[in-house]
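Undergrad: The structure's right below; bear with me while I get my questions together.
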Amino acid sequence: MFERVTSRFPRTSATRTRAAVLAAGLGTSVVLGVGVAAAVDNTAASTTAGAVQAQAAAQSKAAEKQAKAVQAQAEKAQKAAEAKKAAAAKAAQAKKAAKAAAKKKAASWIDPVKSYKLSASFAQNGGMWAHKHSGQDYAVPTGTPVMAAHGGTVVKAGGNGAGDGPAYGNAIVIKHGNKTYSQYAHLSSVNVKVGQVVKTGQKIALSGNTGNSSGPHLHFEIRTTPNYGSAVNPVSFLRAHGVTV
């Protein structure tokens, strides 16, 4: 009889196959674990990046908001400065205009009394005068304020026509320059003295009825000298200087 021989190769092959399967399974587990870990790492990185990006966006927005606030404040300050400059320019212009108006007023002429009625006129004939009337009469009540028709220096003041004769009563003569003088007569009160400088519109006397007068009024003359006999038409003179008489 032949001896039975049993082959061991099949068992070895099965063992090897089992080992291979186990190894493959272990490898798959390892690979799967690495993949899960990688996925977790990627998620964390993505979350961190998103947080950093959000923080950067918030900081950028805050910086932009602050920049706008600074710009708005600067614009407000600029507008305030411009308004202040405009107000200063307006004030300077108003001051200049007031100064010009005052200068114009000082250079202008006015009526010697207000609320009057013209009575005897220049060069009018009449029994009240030795010659023709030398001025313009303004009919006003006694005590009416008499004003300097123009700025100047008082050269005559007082009774007896201030030296021109008793017919004028109390009188004043003011020198204005350029050979121009104004005279105010028949006054009830004289409020200035010789040598006094007066301004246009300044009160110098009160009207009255003194001297050769038939009723309360102001006798007004424009002269080329301080003395009687040099009078010119006062109404024409005043109108030529912009006064409505």
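Chains: A, B, ... in order of the structure tokens. Residues: from 1 per chain. Ligands: from 1, in order shown.
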Can you pull out the residues contacting Lys114 (chain A)? Cut-off 10 Å, using only C-alpha atoms, and skip same-chain residues under 4 positions away; I want them as a VMD selection string.

TA: chain A and resid 110 138 140 144 to 147

Undergrad: Could those selected residues go to a file with N, CA and C atoms, as a short mmCIF file (atom, residue, chain, number, x, y, z; two decimals), in the first residue's frame?

TA:
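After the write, out.cif holds the following:
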data_model
loop_
_atom_site.label_atom_id
_atom_site.label_comp_id
_atom_site.auth_asym_id
_atom_site.auth_seq_id
_atom_site.Cartn_x
_atom_site.Cartn_y
_atom_site.Cartn_z
N ILE A 110 -29.41 170.17 4.53
CA ILE A 110 -30.77 169.85 4.95
C ILE A 110 -31.56 171.15 5.14
N TYR A 138 -39.39 180.65 6.75
CA TYR A 138 -40.07 179.39 7.06
C TYR A 138 -41.05 179.65 8.20
N VAL A 140 -43.03 178.84 11.13
CA VAL A 140 -43.10 177.77 12.14
C VAL A 140 -43.45 178.41 13.48
N THR A 144 -39.75 176.28 17.78
CA THR A 144 -39.41 175.16 16.88
C THR A 144 -37.89 175.01 16.82
N PRO A 145 -37.35 173.77 16.96
CA PRO A 145 -35.90 173.58 16.88
C PRO A 145 -35.36 174.01 15.52
N VAL A 146 -34.29 174.79 15.55
CA VAL A 146 -33.59 175.23 14.34
C VAL A 146 -32.28 174.45 14.25
N MET A 147 -32.02 173.85 13.10
CA MET A 147 -30.84 173.00 12.92
C MET A 147 -29.86 173.62 11.93
#

Undergrad: Please list as a ChimeraX atom specification every residue within 10 Å of Ser121 (chain A), counting only C-alpha atoms and excluding residues in the same chain fewer than 5 positions away.

TA: /A:132-138,219-220,233-235

Undergrad: I'd like the contact shell of Lys156 (chain A) - 6 Å cut-off, only C-alpha atoms, skipping same-chain residues fewer than 4 positions apart - returned as a list in words.

TA: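 After dropping sequence-adjacent residues, the list is Ala162, Ile172, Val173 and Val194 of chain A.
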
Undergrad: Can you write just those residues out, N, CA and C atoms, as a PDB file, in the first residue's frame?

TA:
ATOM      1  N   ALA A 162     -26.759 189.628  15.494  1.00  0.00           N
ATOM      2  CA  ALA A 162     -25.376 189.128  15.594  1.00  0.00           C
ATOM      3  C   ALA A 162     -24.427 190.052  14.844  1.00  0.00           C
ATOM      4  N   ILE A 172     -27.797 183.928  14.046  1.00  0.00           N
ATOM      5  CA  ILE A 172     -26.585 183.082  13.999  1.00  0.00           C
ATOM      6  C   ILE A 172     -26.097 183.054  12.553  1.00  0.00           C
ATOM      7  N   VAL A 173     -24.775 183.087  12.371  1.00  0.00           N
ATOM      8  CA  VAL A 173     -24.167 182.899  11.052  1.00  0.00           C
ATOM      9  C   VAL A 173     -23.120 181.788  11.177  1.00  0.00           C
ATOM     10  N   VAL A 194     -19.841 181.767  19.259  1.00  0.00           N
ATOM     11  CA  VAL A 194     -18.842 181.996  18.216  1.00  0.00           C
ATOM     12  C   VAL A 194     -17.646 181.065  18.427  1.00  0.00           C
TER      13      VAL A 194
END

Undergrad: Residues near Ser189 (chain A), anyone? I mean within 10 Å using only C-alpha atoms, not counting same-chain ones fewer than 4 positions away, as a ChimeraX atom specification.

TA: /A:142-143,145-146,158-159,170-171,204-208,210

Undergrad: Listing only residues of region 147-201 of chain A within 12 Å of region 97-102 of chain A, what is the closest atom pair and its distance in Å (to one decimal) for each, using only C-alpha atoms, sorted by chain and residue number ascending, as a Markdown table?

TA:
| residue | atom | partner | partner_atom | distance |
| --- | --- | --- | --- | --- |
| A:Lys199 | CA | A:Ala102 | CA | 11.0 |
| A:Thr200 | CA | A:Ala102 | CA | 10.3 |
| A:Gly201 | CA | A:Ala102 | CA | 11.9 |

Undergrad: Would you mind exporting N, CA and C atoms of the selected residues as a tab-separated table (two decimals), in the first residue's frame?

TA:
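Listed below is the output, part_1.tsv:
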chain	number	residue	atom	x	y	z
A	199	LYS	N	-22.37	170.26	13.56
A	199	LYS	CA	-22.57	169.25	12.52
A	199	LYS	C	-23.89	169.48	11.79
A	200	THR	N	-23.98	168.90	10.60
A	200	THR	CA	-25.23	168.97	9.85
A	200	THR	C	-26.37	168.39	10.68
A	201	GLY	N	-27.45	169.15	10.82
A	201	GLY	CA	-28.61	168.67	11.57
A	201	GLY	C	-28.54	168.94	13.06

Undergrad: Quote the spacing between CA of Ala139 (chain A) and CA of Gly177 (chain A) in Å to one decimal place.

TA: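 Those two atoms sit 27.8 Å apart.
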
Undergrad: Please return as number ranges by chain: the residues of region 71-229 of chain A that backbone DSSP assigns to strand (DSSP E).

TA: A: 117-118, 136-139, 145-147, 152-158, 170-177, 180-190, 197-198, 203-207, 218-223

Undergrad: Just C-alpha atoms for this one: save the residues we selected as a CSV table (one decimal), in the first residue's frame.

TA:
chain,number,residue,atom,x,y,z
A,117,LYS,CA,-44.7,176.5,5.4
A,118,LEU,CA,-42.8,178.7,3.1
A,136,GLN,CA,-36.4,182.7,2.7
A,137,ASP,CA,-38.9,182.7,5.5
A,138,TYR,CA,-40.1,179.4,7.1
A,139,ALA,CA,-43.3,179.9,8.9
A,145,PRO,CA,-35.9,173.6,16.9
A,146,VAL,CA,-33.6,175.2,14.3
A,147,MET,CA,-30.8,173.0,12.9
A,152,GLY,CA,-19.4,174.4,9.9
A,153,THR,CA,-18.1,176.9,12.4
A,154,VAL,CA,-20.2,179.6,14.1
A,155,VAL,CA,-18.8,183.0,13.2
A,156,LYS,CA,-21.7,185.2,14.5
A,157,ALA,CA,-24.2,184.6,17.3
A,158,GLY,CA,-26.4,186.8,19.5
A,170,ASN,CA,-31.4,187.2,17.6
A,171,ALA,CA,-29.3,185.6,14.8
A,172,ILE,CA,-26.6,183.1,14.0
A,173,VAL,CA,-24.2,182.9,11.1
A,174,ILE,CA,-22.3,179.7,10.3
A,175,LYS,CA,-19.2,179.4,7.9
A,176,HIS,CA,-19.2,176.3,5.7
A,177,GLY,CA,-16.2,176.9,3.6
A,180,THR,CA,-20.5,179.8,1.7
A,181,TYR,CA,-22.3,180.9,4.9
A,182,SER,CA,-25.8,180.3,6.3
A,183,GLN,CA,-27.8,182.8,8.5
A,184,TYR,CA,-30.7,182.1,10.9
A,185,ALA,CA,-32.7,185.0,12.3
A,186,HIS,CA,-35.6,186.1,14.5
A,187,LEU,CA,-34.7,183.4,17.0
A,188,SER,CA,-36.2,183.2,20.4
A,189,SER,CA,-33.1,181.4,21.8
A,190,VAL,CA,-29.5,181.0,20.6
A,197,VAL,CA,-18.0,173.7,15.4
A,198,VAL,CA,-21.4,172.3,14.5
A,203,LYS,CA,-29.8,171.9,17.0
A,204,ILE,CA,-28.4,175.5,17.2
A,205,ALA,CA,-31.4,177.6,18.3
A,206,LEU,CA,-35.2,177.9,18.7
A,207,SER,CA,-37.3,179.9,16.3
A,218,LEU,CA,-37.3,181.5,10.8
A,219,HIS,CA,-35.5,183.8,8.4
A,220,PHE,CA,-32.9,181.8,6.5
A,221,GLU,CA,-30.1,183.1,4.2
A,222,ILE,CA,-27.2,181.7,2.2
A,223,ARG,CA,-24.4,184.2,1.9
